There are 2 protein chains.
Amino acid sequence: MSTRTLVTNLAALEDGPVSVSGWVETVRDQKKVQFVILRDESGAVQLVNPAVRELAEDAGPEASARLAITEQISALAHGSFITVTGDLKHDERVKLGGLEVKIGTLEVVTEALPETPIAADSSLDKRLDWRFLDLRNPKQALIFKVQTTLLHAWRTYWVERGFIEIQTPKLMASASESRAELFEIEYFEGKAYLAQSPQFFKQMAQVAGFGKVFEVGPAFRADPSFTSRHATEFTSVDAEMSWIDSHEDVMAMHEELLVAGFTAVKERHGAEIEELFGVEVTVPATPFPRIPLARAKEIVAERGYVVPREDEDMDPEGERQIAAYVREEFGHEFVFLTDYASNIRPFYHMRHEGDPSLTNSYDLLFNGVEISTGAQREHRVDVLVAQAKEKGLEPEELEFYLDFFRYGAPAHGGFGMGLARVLMLMLHEASIREVTYLFRGPTRLLP
Amino acid sequence: MSTRTLVTNLAALEDGPVSVSGWVETVRDQKKVQFVILRDESGAVQLVNPAVRELAEDAGPEASARLAITEQISALAHGSFITVTGDLKHDERVKLGGLEVKIGTLEVVTEALPETPIAADSSLDKRLDWRFLDLRNPKQALIFKVQTTLLHAWRTYWVERGFIEIQTPKLMASASESRAELFEIEYFEGKAYLAQSPQFFKQMAQVAGFGKVFEVGPAFRADPSFTSRHATEFTSVDAEMSWIDSHEDVMAMHEELLVAGFTAVKERHGAEIEELFGVEVTVPATPFPRIPLARAKEIVAERGYVVPREDEDMDPEGERQIAAYVREEFGHEFVFLTDYASNIRPFYHMRHEGDPSLTNSYDLLFNGVEISTGAQREHRVDVLVAQAKEKGLEPEELEFYLDFFRYGAPAHGGFGMGLARVLMLMLHEASIREVTYLFRGPTRLLP
């Protein structure tokens, strides 16, 4: 392994020889001195070369070497990957980190084409065409460092509490949610479908007696919409647990999980997020506010907005209104909307014991956008069959799922949460496309 | 949340009232006393009920309640999920854990159908049909607890060393490996393909300057074979890192990673694995043995086996032979076979500087089975294009990938590893189907 020093570790070193590797962010090719800003995954550092433009007749090998480096730098395209050995010198006058490296040797590992196809003001779509260059921007790269910390904190929360990690199949014989948004695959002599969620399979873990499970994996929706919140492939963060009394137990775990994740992100990246995104990450207080959906719609109406829907559901503007209310009343960025009407929930949500028009379910809103749906599931097979029929589903395609509940099942519930939505809202970004490693939409499969 | 006690935690409690929840593993319905073995995700406990078969004329409410419980237990189908409150009593004479719970109340949460469709001697295929019942077997459930511990140890190893977690798309515009084993999807007006590996996208992270990345996610191969080692969908464990000198740096990380994972599994589950699988988990010593492929074939030949292949590759029997050799010579379960011939490696593997017939690559064998392929990648675009052409690939479909290298790239390498294969070999299981949550093959998409 190369003995390179990460840029972020230079500050702690004493003056002396170092080796750094990264890509060329900028070159300032002045007559007497050349500056190169080299960036790696940890930061940027200024490299300096006293230019030698021509050799005196009595020039020695040192001047020759310096001339060669000078010509190398003059020809250096932005983005080229280089390894430089040289002398580290701490110098308060250097704006970038108070240090610089005087170049001793410069190896161009790979040269970039001279024209970079995107610039700071390129459109999002253009930037996504050249995502591998876009991600060299430290702001974009930070998103995935934050993602790493967030996911690791979440998984650690679960593992420490006895949750089992499952990897559920993405190839299915039938739909897991609605047939409308289903991708179909040529599967040998037949057909298969891409999982729209791990719903059925994480419930299977409950009847298998796993107790508590989690999964972080892809889910697929053949959704033709082009909003800032939708993708045809997204990372779904899922948990499911047995022996709950109601969705309230799921919500209690859900908010603890978010606190664990946000705490880790703030500790690890809080300062950098503030610097690059201008956002102060707030660790939410528990319990999060809880508002039954029907009451939420009243509150929104009291604020002068009537949700233009025939059914009982919210719409995006209603969600923004309720978020504004929650911010004013509770000073909170999160709110659980609870007890959704049965007619706008899937057949597998459990209904209130006393009022079958309502479900033991919730949506979690973060800064006014839905990031998750959770619920207690119906575990009594006769009720489940009746609810499926009521929704007009084909019992035949569901038989494998209904079988799960015919050999005993515990009360259980869980949630699915969109990773990109959490990141988008945490970092105040305008679109999930900014926070997805490689966005997939109806017209985007590349790169 | 229910105030149930996990079975595993009963031993630490003093005698007194407890509540336990789980499923009925067995019922012994004797005339004077009934025993129920209740199992939950943590273990099994004996419940006891002094049977009351009929009421005396002067019977009080206690005897009535006991009669009701007696009748409940007599009617109890195996697999039903129940919650029992009662009195915990430590009693050395009880074989199962030295304790029992005298039933006070018994709630049948959901009743199972009386006939269980699988038994201990059912075929693997039949068991997979009823996987949710199969997984109630503590041996099967342990596999996924081991998986949880293994994955968490691996991710922790990476996170602590600055690796970034990426979630690469599974929907692609073209093949990532070979067109032969590609699943095709109806994608709006066109076609998409399922990723066979995250290869291109983890390399993209290198040119994006991420430095070091990892991913655990599904990969798909339209492979019609029915061996114990193949599936159409599998969990791929991937890592990729920049600024390596050769594949040797990848191997050094790879073996450290395995040590971290095996150490965690042995500490957490070693005793239970020994009990249920009869296997002692061995934490491998580093460095693992390394044998160039050409030398490995000589060794195999010296042992009297000539690999019946036209090309330079090994075959499964050759792999078993080399594993036997490594066990005898080094007392090791792992071996890196290195420097594979270029003609049996993908175009993106880097070739030896002095000998383009060999690659900077390796396969990792565990107990005689390949679990991983790793390599240094070719990062020089002109060489990469030449190698792709030599392999007869369509440069058009590869353009998006080749573009990655046109704007600068660091030296880099990594590996992909099959999670199920590692688990299968660690636990001495005969097939990856046993260690996959829900196996997918050419004729299996259910449940």
# chains A, B, ... in the order shown; residues from 1 in each chain; ligands from 1
call {"tool": "residues_around", "arguments": {"residues": "Phe262 in chain A", "least_positions_apart": "4", "cutoff": "12 Å", "atoms": "only C-alpha atoms", "output": "ChimeraX atom specification"}}
result
/A:146-147,149-154,255-258,266-270,280-285,422-423,426-427
call {"tool": "select_by_dssp", "arguments": {"residues": "range 198-298 of chain B", "states": "strand (DSSP E)", "output": "list in words"}}
result
Lys212, Val213, Phe214, Glu215, Val216, Gly217, Pro218, Ala219, Phe220, Glu233, Phe234, Thr235, Ser236, Val237, Asp238, Ala239, Glu240, Met241, Ser242, Arg290, Ile291 and Pro292 of chain B
call {"tool": "select_by_dssp", "arguments": {"residues": "range 72-194 of chain B", "states": "helix (DSSP H, G or I)", "output": "VMD selection string"}}
result
chain B and resid 72 to 74 124 to 129 131 to 134 138 to 160 179 to 181
call {"tool": "write_last_selection", "arguments": {"atoms": "N, CA and C atoms", "output": "mmCIF file, in the first residue's frame"}}
result
data_model
loop_
_atom_site.group_PDB
_atom_site.id
_atom_site.type_symbol
_atom_site.label_atom_id
_atom_site.label_comp_id
_atom_site.auth_asym_id
_atom_site.auth_seq_id
_atom_site.Cartn_x
_atom_site.Cartn_y
_atom_site.Cartn_z
ATOM 1 N N GLN B 72 -57.927 -25.624 26.892
ATOM 2 C CA GLN B 72 -57.161 -24.839 25.902
ATOM 3 C C GLN B 72 -55.909 -25.598 25.464
ATOM 4 N N ILE B 73 -55.210 -26.126 26.431
ATOM 5 C CA ILE B 73 -53.947 -26.812 26.123
ATOM 6 C C ILE B 73 -54.213 -28.096 25.343
ATOM 7 N N SER B 74 -55.266 -28.816 25.705
ATOM 8 C CA SER B 74 -55.588 -30.049 24.983
ATOM 9 C C SER B 74 -55.874 -29.759 23.513
ATOM 10 N N LEU B 124 -35.134 -30.738 1.442
ATOM 11 C CA LEU B 124 -34.795 -29.314 1.454
ATOM 12 C C LEU B 124 -35.814 -28.523 0.647
ATOM 13 N N ASP B 125 -36.192 -29.062 -0.508
ATOM 14 C CA ASP B 125 -37.113 -28.337 -1.371
ATOM 15 C C ASP B 125 -38.466 -28.122 -0.688
ATOM 16 N N LYS B 126 -38.940 -29.137 -0.019
ATOM 17 C CA LYS B 126 -40.208 -29.034 0.713
ATOM 18 C C LYS B 126 -40.062 -28.017 1.848
ATOM 19 N N ARG B 127 -38.934 -28.073 2.532
ATOM 20 C CA ARG B 127 -38.718 -27.113 3.616
ATOM 21 C C ARG B 127 -38.696 -25.682 3.093
ATOM 22 N N LEU B 128 -38.121 -25.506 1.908
ATOM 23 C CA LEU B 128 -38.090 -24.152 1.341
ATOM 24 C C LEU B 128 -39.493 -23.690 0.933
ATOM 25 N N ASP B 129 -40.343 -24.628 0.535
ATOM 26 C CA ASP B 129 -41.744 -24.266 0.251
ATOM 27 C C ASP B 129 -42.410 -23.648 1.480
ATOM 28 N N ARG B 131 -40.737 -22.159 4.108
ATOM 29 C CA ARG B 131 -39.552 -21.592 4.742
ATOM 30 C C ARG B 131 -39.882 -20.919 6.073
ATOM 31 N N PHE B 132 -41.047 -20.306 6.165
ATOM 32 C CA PHE B 132 -41.369 -19.571 7.402
ATOM 33 C C PHE B 132 -41.541 -20.524 8.586
ATOM 34 N N LEU B 133 -41.901 -21.788 8.299
ATOM 35 C CA LEU B 133 -41.951 -22.783 9.374
ATOM 36 C C LEU B 133 -40.565 -23.378 9.611
ATOM 37 N N ASP B 134 -39.845 -23.607 8.517
ATOM 38 C CA ASP B 134 -38.481 -24.137 8.600
ATOM 39 C C ASP B 134 -37.590 -23.252 9.472
ATOM 40 N N PRO B 138 -34.490 -23.650 15.689
ATOM 41 C CA PRO B 138 -33.437 -22.770 16.225
ATOM 42 C C PRO B 138 -32.124 -22.857 15.462
ATOM 43 N N LYS B 139 -31.890 -23.994 14.821
ATOM 44 C CA LYS B 139 -30.672 -24.118 14.015
ATOM 45 C C LYS B 139 -30.736 -23.186 12.805
ATOM 46 N N GLN B 140 -31.868 -23.171 12.127
ATOM 47 C CA GLN B 140 -32.003 -22.285 10.961
ATOM 48 C C GLN B 140 -31.965 -20.816 11.404
ATOM 49 N N ALA B 141 -32.644 -20.534 12.520
ATOM 50 C CA ALA B 141 -32.677 -19.139 12.982
ATOM 51 C C ALA B 141 -31.279 -18.650 13.346
ATOM 52 N N LEU B 142 -30.467 -19.554 13.899
ATOM 53 C CA LEU B 142 -29.105 -19.163 14.300
ATOM 54 C C LEU B 142 -28.292 -18.651 13.106
ATOM 55 N N ILE B 143 -28.548 -19.234 11.938
ATOM 56 C CA ILE B 143 -27.824 -18.800 10.730
ATOM 57 C C ILE B 143 -27.949 -17.289 10.543
ATOM 58 N N PHE B 144 -29.145 -16.772 10.808
ATOM 59 C CA PHE B 144 -29.372 -15.351 10.522
ATOM 60 C C PHE B 144 -28.908 -14.456 11.667
ATOM 61 N N LYS B 145 -28.795 -15.035 12.845
ATOM 62 C CA LYS B 145 -28.143 -14.291 13.929
ATOM 63 C C LYS B 145 -26.641 -14.195 13.629
ATOM 64 N N VAL B 146 -26.082 -15.289 13.129
ATOM 65 C CA VAL B 146 -24.666 -15.278 12.745
ATOM 66 C C VAL B 146 -24.442 -14.275 11.612
ATOM 67 N N GLN B 147 -25.344 -14.284 10.642
ATOM 68 C CA GLN B 147 -25.238 -13.348 9.522
ATOM 69 C C GLN B 147 -25.255 -11.906 10.018
ATOM 70 N N THR B 148 -26.148 -11.625 10.958
ATOM 71 C CA THR B 148 -26.259 -10.272 11.516
ATOM 72 C C THR B 148 -24.937 -9.849 12.149
ATOM 73 N N THR B 149 -24.373 -10.735 12.949
ATOM 74 C CA THR B 149 -23.117 -10.430 13.639
ATOM 75 C C THR B 149 -21.963 -10.263 12.643
ATOM 76 N N LEU B 150 -21.936 -11.146 11.657
ATOM 77 C CA LEU B 150 -20.868 -11.107 10.652
ATOM 78 C C LEU B 150 -20.912 -9.796 9.866
ATOM 79 N N LEU B 151 -22.083 -9.446 9.374
ATOM 80 C CA LEU B 151 -22.204 -8.223 8.571
ATOM 81 C C LEU B 151 -21.896 -6.984 9.414
ATOM 82 N N HIS B 152 -22.355 -7.003 10.662
ATOM 83 C CA HIS B 152 -22.105 -5.818 11.488
ATOM 84 C C HIS B 152 -20.618 -5.675 11.792
ATOM 85 N N ALA B 153 -19.946 -6.782 11.999
ATOM 86 C CA ALA B 153 -18.498 -6.723 12.254
ATOM 87 C C ALA B 153 -17.759 -6.225 11.010
ATOM 88 N N TRP B 154 -18.183 -6.701 9.852
ATOM 89 C CA TRP B 154 -17.542 -6.254 8.609
ATOM 90 C C TRP B 154 -17.749 -4.765 8.388
ATOM 91 N N ARG B 155 -18.997 -4.324 8.531
ATOM 92 C CA ARG B 155 -19.277 -2.896 8.298
ATOM 93 C C ARG B 155 -18.538 -2.040 9.315
ATOM 94 N N THR B 156 -18.469 -2.525 10.548
ATOM 95 C CA THR B 156 -17.759 -1.764 11.581
ATOM 96 C C THR B 156 -16.273 -1.655 11.235
ATOM 97 N N TYR B 157 -15.700 -2.764 10.755
ATOM 98 C CA TYR B 157 -14.297 -2.731 10.309
ATOM 99 C C TYR B 157 -14.113 -1.625 9.268
ATOM 100 N N TRP B 158 -15.001 -1.593 8.290
ATOM 101 C CA TRP B 158 -14.861 -0.608 7.208
ATOM 102 C C TRP B 158 -15.102 0.817 7.701
ATOM 103 N N VAL B 159 -16.184 0.996 8.451
ATOM 104 C CA VAL B 159 -16.528 2.355 8.897
ATOM 105 C C VAL B 159 -15.397 2.934 9.733
ATOM 106 N N GLU B 160 -14.813 2.109 10.596
ATOM 107 C CA GLU B 160 -13.723 2.601 11.449
ATOM 108 C C GLU B 160 -12.472 2.954 10.643
ATOM 109 N N ARG B 179 -23.224 -10.708 -21.039
ATOM 110 C CA ARG B 179 -24.599 -10.613 -21.527
ATOM 111 C C ARG B 179 -25.344 -11.940 -21.366
ATOM 112 N N ALA B 180 -24.602 -13.024 -21.176
ATOM 113 C CA ALA B 180 -25.229 -14.341 -21.153
ATOM 114 C C ALA B 180 -26.176 -14.521 -19.972
ATOM 115 N N GLU B 181 -25.846 -13.935 -18.835
ATOM 116 C CA GLU B 181 -26.625 -14.217 -17.627
ATOM 117 C C GLU B 181 -27.355 -12.982 -17.136
#
call {"tool": "interface_residues", "arguments": {"of": "chain A", "to": "chain B", "cutoff": "6 Å", "atoms": "only C-alpha atoms", "output": "VMD selection string"}}
result
chain A and resid 1 41 79 to 81 110 to 113 132 to 133 135 to 136 145 148 164 to 165 172 to 173 184 to 186 208 to 211 244 to 245 249 400 406 to 410 445 447
call {"tool": "write_last_selection", "arguments": {"atoms": "N, CA, C and O atoms", "output": "short mmCIF file (atom, residue, chain, number, x, y, z; two decimals), in the first residue's frame"}}
result
data_model
loop_
_atom_site.label_atom_id
_atom_site.label_comp_id
_atom_site.auth_asym_id
_atom_site.auth_seq_id
_atom_site.Cartn_x
_atom_site.Cartn_y
_atom_site.Cartn_z
N MET A 1 0.86 -1.20 0.00
CA MET A 1 0.00 0.00 0.00
C MET A 1 0.88 1.24 0.00
O MET A 1 1.89 1.28 0.70
N GLU A 41 -9.98 12.39 -0.67
CA GLU A 41 -11.27 12.18 -0.03
C GLU A 41 -11.40 12.88 1.31
O GLU A 41 -12.50 13.00 1.85
N GLY A 79 -8.45 17.70 -12.67
CA GLY A 79 -9.06 16.38 -12.53
C GLY A 79 -8.07 15.24 -12.65
O GLY A 79 -8.40 14.11 -12.27
N SER A 80 -6.89 15.51 -13.19
CA SER A 80 -5.88 14.45 -13.29
C SER A 80 -5.52 13.96 -11.90
O SER A 80 -5.49 14.73 -10.94
N PHE A 81 -5.28 12.66 -11.79
CA PHE A 81 -4.88 12.08 -10.50
C PHE A 81 -3.35 12.05 -10.44
O PHE A 81 -2.70 11.58 -11.38
N THR A 110 -2.98 9.35 -13.92
CA THR A 110 -3.78 9.38 -15.15
C THR A 110 -4.15 10.81 -15.45
O THR A 110 -4.57 11.57 -14.57
N GLU A 111 -4.02 11.15 -16.71
CA GLU A 111 -4.30 12.51 -17.14
C GLU A 111 -5.78 12.62 -17.50
O GLU A 111 -6.34 11.70 -18.11
N ALA A 112 -6.40 13.71 -17.12
CA ALA A 112 -7.80 13.96 -17.49
C ALA A 112 -7.86 14.62 -18.85
O ALA A 112 -6.92 15.31 -19.26
N LEU A 113 -8.99 14.41 -19.57
CA LEU A 113 -9.21 15.19 -20.77
C LEU A 113 -9.24 16.67 -20.39
O LEU A 113 -9.67 17.02 -19.30
N PHE A 132 -19.90 11.13 -11.76
CA PHE A 132 -18.60 10.80 -11.15
C PHE A 132 -17.73 12.04 -10.99
O PHE A 132 -16.85 12.06 -10.13
N LEU A 133 -17.97 13.05 -11.83
CA LEU A 133 -17.25 14.32 -11.65
C LEU A 133 -17.95 15.19 -10.62
O LEU A 133 -17.31 15.84 -9.78
N LEU A 135 -19.52 14.26 -8.06
CA LEU A 135 -19.27 13.75 -6.70
C LEU A 135 -17.89 14.13 -6.18
O LEU A 135 -17.59 13.94 -5.00
N ARG A 136 -17.03 14.66 -7.05
CA ARG A 136 -15.72 15.13 -6.56
C ARG A 136 -15.86 16.42 -5.75
O ARG A 136 -14.96 16.79 -5.00
N LYS A 145 -20.75 10.47 3.12
CA LYS A 145 -20.14 10.26 4.43
C LYS A 145 -21.23 10.31 5.50
O LYS A 145 -21.24 9.51 6.44
N THR A 148 -23.20 7.14 5.38
CA THR A 148 -22.47 6.05 6.01
C THR A 148 -22.64 6.08 7.52
O THR A 148 -22.95 5.06 8.16
N ILE A 164 -32.54 -8.88 14.11
CA ILE A 164 -31.83 -9.73 13.16
C ILE A 164 -31.86 -9.04 11.79
O ILE A 164 -32.91 -8.55 11.37
N GLU A 165 -30.72 -9.01 11.12
CA GLU A 165 -30.67 -8.42 9.78
C GLU A 165 -31.09 -9.45 8.75
O GLU A 165 -30.55 -10.56 8.71
N MET A 172 -39.70 -11.51 -7.22
CA MET A 172 -40.93 -12.05 -6.64
C MET A 172 -41.81 -12.65 -7.74
O MET A 172 -41.69 -12.29 -8.91
N ALA A 173 -42.72 -13.53 -7.32
CA ALA A 173 -43.65 -14.15 -8.26
C ALA A 173 -44.86 -13.26 -8.51
O ALA A 173 -45.61 -13.46 -9.47
N GLU A 184 -41.72 -5.74 -14.59
CA GLU A 184 -41.81 -7.15 -14.98
C GLU A 184 -40.49 -7.60 -15.59
O GLU A 184 -39.85 -6.87 -16.34
N ILE A 185 -40.08 -8.82 -15.25
CA ILE A 185 -38.81 -9.37 -15.72
C ILE A 185 -39.05 -10.65 -16.51
O ILE A 185 -39.86 -11.48 -16.10
N GLU A 186 -38.31 -10.81 -17.60
CA GLU A 186 -38.26 -12.11 -18.29
C GLU A 186 -37.49 -13.06 -17.38
O GLU A 186 -36.31 -12.84 -17.12
N ALA A 208 -41.97 -16.53 11.42
CA ALA A 208 -40.86 -17.47 11.60
C ALA A 208 -40.27 -17.37 13.01
O ALA A 208 -39.36 -18.12 13.35
N GLY A 209 -40.76 -16.43 13.79
CA GLY A 209 -40.29 -16.31 15.17
C GLY A 209 -38.99 -15.54 15.35
O GLY A 209 -38.32 -15.68 16.36
N PHE A 210 -38.64 -14.72 14.36
CA PHE A 210 -37.38 -13.96 14.47
C PHE A 210 -37.47 -12.82 15.51
O PHE A 210 -36.45 -12.28 15.90
N GLY A 211 -38.69 -12.44 15.87
CA GLY A 211 -38.85 -11.41 16.90
C GLY A 211 -38.74 -10.00 16.35
O GLY A 211 -39.73 -9.29 16.24
N ILE A 244 -45.94 -6.40 19.75
CA ILE A 244 -46.30 -5.01 20.05
C ILE A 244 -47.76 -4.99 20.53
O ILE A 244 -48.54 -5.89 20.25
N ASP A 245 -48.10 -3.93 21.24
CA ASP A 245 -49.49 -3.72 21.61
C ASP A 245 -50.23 -2.92 20.55
O ASP A 245 -51.43 -3.09 20.34
N ASP A 249 -45.94 1.30 19.79
CA ASP A 249 -44.65 0.66 20.09
C ASP A 249 -43.66 0.82 18.93
O ASP A 249 -42.46 0.95 19.14
N PHE A 400 -49.51 -17.33 -1.03
CA PHE A 400 -48.23 -17.63 -0.35
C PHE A 400 -48.07 -16.74 0.88
O PHE A 400 -47.51 -17.16 1.89
N ARG A 406 -51.43 -18.78 8.63
CA ARG A 406 -52.30 -19.94 8.91
C ARG A 406 -51.66 -20.90 9.89
O ARG A 406 -52.30 -21.86 10.30
N TYR A 407 -50.40 -20.69 10.21
CA TYR A 407 -49.70 -21.59 11.13
C TYR A 407 -49.23 -20.86 12.38
O TYR A 407 -48.21 -21.20 12.97
N GLY A 408 -50.02 -19.86 12.75
CA GLY A 408 -49.68 -19.09 13.94
C GLY A 408 -48.88 -17.84 13.61
O GLY A 408 -48.02 -17.87 12.73
N ALA A 409 -49.18 -16.75 14.29
CA ALA A 409 -48.49 -15.47 14.05
C ALA A 409 -48.60 -14.62 15.30
O ALA A 409 -49.64 -14.61 15.96
N PRO A 410 -47.55 -13.88 15.62
CA PRO A 410 -47.63 -12.94 16.75
C PRO A 410 -48.17 -11.59 16.27
O PRO A 410 -48.11 -11.28 15.07
N LEU A 445 -31.25 5.89 -16.77
CA LEU A 445 -30.61 4.62 -16.39
C LEU A 445 -29.10 4.72 -16.48
O LEU A 445 -28.39 3.74 -16.28
N PRO A 447 -25.43 7.33 -15.73
CA PRO A 447 -24.45 6.25 -15.91
C PRO A 447 -24.80 5.06 -15.01
O PRO A 447 -25.63 5.19 -14.14
#
call {"tool": "closest_residue", "arguments": {"among": "B:Met314, B:Ala51, B:Ala324, B:Leu364", "to": "Leu337 in chain B", "atoms": "only C-alpha atoms"}}
result
B:Leu364
call {"tool": "residues_around", "arguments": {"residues": "Met417 in chain A", "least_positions_apart": "4", "cutoff": "8 Å", "atoms": "only C-alpha atoms", "output": "ChimeraX atom specification"}}
result
/A:236-238,371-373
call {"tool": "closest_residue", "arguments": {"among": "A:Met251, A:Val84, A:Val45, A:Ala63", "to": "Thr8 in chain A", "atoms": "only C-alpha atoms"}}
result
A:Val45
call {"tool": "residues_around", "arguments": {"residues": "Arg290 in chain A", "least_positions_apart": "6", "cutoff": "9 Å", "atoms": "only C-alpha atoms", "output": "ChimeraX atom specification"}}
result
/A:335-338
call {"tool": "write_last_selection", "arguments": {"atoms": "C-alpha atoms", "output": "PDB file, in the first residue's frame"}}
result
ATOM      1  CA  VAL A 335     -44.491  14.774  13.490  1.00  0.00           C
ATOM      2  CA  PHE A 336     -46.283  11.446  13.500  1.00  0.00           C
ATOM      3  CA  LEU A 337     -49.673  11.640  11.783  1.00  0.00           C
ATOM      4  CA  THR A 338     -51.589   8.663  13.152  1.00  0.00           C
TER       5      THR A 338
END
call {"tool": "residues_around", "arguments": {"residues": "Val326 in chain A", "least_positions_apart": "5", "cutoff": "8 Å", "atoms": "only C-alpha atoms", "output": "CSV table (one decimal) with all heavy atoms, in the first residue's frame"}}
result
chain,number,residue,atom,x,y,z
A,289,PRO,N,-44.0,14.9,18.4
A,289,PRO,CA,-45.5,15.2,18.4
A,289,PRO,C,-46.2,14.1,17.6
A,289,PRO,O,-45.7,13.6,16.6
A,289,PRO,CB,-45.6,16.5,17.7
A,289,PRO,CG,-44.2,17.1,17.8
A,289,PRO,CD,-43.3,16.0,17.8
A,331,GLY,N,-42.0,23.4,18.3
A,331,GLY,CA,-40.6,23.6,18.0
A,331,GLY,C,-39.9,22.3,17.5
A,331,GLY,O,-38.8,22.1,17.8
A,332,HIS,N,-40.7,21.5,16.7
A,332,HIS,CA,-40.2,20.2,16.3
A,332,HIS,C,-40.2,20.1,14.8
A,332,HIS,O,-41.1,20.6,14.1
A,332,HIS,CB,-41.1,19.1,17.0
A,332,HIS,CG,-40.3,17.9,17.3
A,332,HIS,ND1,-39.9,17.0,16.4
A,332,HIS,CD2,-39.9,17.4,18.5
A,332,HIS,CE1,-39.3,16.0,17.0
A,332,HIS,NE2,-39.3,16.2,18.3
A,333,GLU,N,-39.2,19.4,14.3
A,333,GLU,CA,-39.1,19.1,12.8
A,333,GLU,C,-39.9,17.9,12.4
A,333,GLU,O,-40.1,17.7,11.2
A,333,GLU,CB,-37.6,19.0,12.4
A,333,GLU,CG,-36.8,20.3,12.6
A,333,GLU,CD,-35.4,20.1,12.0
A,333,GLU,OE1,-34.7,19.1,12.4
A,333,GLU,OE2,-35.0,21.0,11.3
A,334,PHE,N,-40.2,17.0,13.4
A,334,PHE,CA,-40.9,15.8,13.0
A,334,PHE,C,-42.3,15.7,13.6
A,334,PHE,O,-42.5,16.4,14.6
A,334,PHE,CB,-40.1,14.6,13.7
A,334,PHE,CG,-38.8,14.3,13.0
A,334,PHE,CD1,-37.6,15.0,13.5
A,334,PHE,CD2,-38.6,13.4,12.0
A,334,PHE,CE1,-36.4,14.7,12.9
A,334,PHE,CE2,-37.4,13.1,11.4
A,334,PHE,CZ,-36.3,13.8,11.9
A,335,VAL,N,-43.2,15.0,12.9
A,335,VAL,CA,-44.5,14.8,13.5
A,335,VAL,C,-45.0,13.4,13.0
A,335,VAL,O,-44.8,13.1,11.8
A,335,VAL,CB,-45.5,15.9,13.2
A,335,VAL,CG1,-45.6,16.1,11.7
A,335,VAL,CG2,-46.9,15.7,13.8
call {"tool": "residues_around", "arguments": {"residues": "Ile37 in chain A", "least_positions_apart": "2", "cutoff": "8 Å", "atoms": "only C-alpha atoms", "output": "ChimeraX atom specification"}}
result
/A:24-27,35,39,44-47
call {"tool": "write_last_selection", "arguments": {"atoms": "N, CA and C atoms", "output": "tab-separated table (two decimals), in the first residue's frame"}}
result
chain	number	residue	atom	x	y	z
A	24	VAL	N	-6.23	16.90	-9.17
A	24	VAL	CA	-5.90	18.32	-9.32
A	24	VAL	C	-7.18	19.13	-9.35
A	25	GLU	N	-7.36	19.99	-8.34
A	25	GLU	CA	-8.58	20.79	-8.33
A	25	GLU	C	-8.36	22.09	-9.10
A	26	THR	N	-7.22	22.76	-8.84
A	26	THR	CA	-6.89	23.97	-9.62
A	26	THR	C	-5.38	24.07	-9.80
A	27	VAL	N	-4.99	24.79	-10.84
A	27	VAL	CA	-3.57	25.09	-11.09
A	27	VAL	C	-3.46	26.60	-11.26
A	35	PHE	N	1.24	27.01	-8.30
A	35	PHE	CA	0.46	26.41	-7.20
A	35	PHE	C	-0.51	25.39	-7.76
A	39	ARG	N	-6.73	17.68	-4.15
A	39	ARG	CA	-7.79	17.24	-3.24
A	39	ARG	C	-7.79	15.72	-3.16
A	44	ALA	N	-8.25	19.29	1.00
A	44	ALA	CA	-7.43	19.87	-0.06
A	44	ALA	C	-6.18	20.51	0.53
A	45	VAL	N	-5.10	20.49	-0.26
A	45	VAL	CA	-3.84	21.06	0.20
A	45	VAL	C	-3.16	21.79	-0.97
A	46	GLN	N	-2.44	22.84	-0.62
A	46	GLN	CA	-1.72	23.59	-1.65
A	46	GLN	C	-0.32	23.00	-1.85
A	47	LEU	N	-0.02	22.72	-3.14
A	47	LEU	CA	1.33	22.27	-3.49
A	47	LEU	C	2.01	23.45	-4.18
call {"tool": "residues_around", "arguments": {"residues": "Ala386 in chain A", "least_positions_apart": "5", "cutoff": "10 Å", "atoms": "only C-alpha atoms", "output": "ChimeraX atom specification"}}
result
/A:347,381,391-392,395
call {"tool": "atom_distance", "arguments": {"atom1": "CA of Arg229 in chain B", "atom2": "CA of Arg351 in chain B"}}
result
28.5 Å
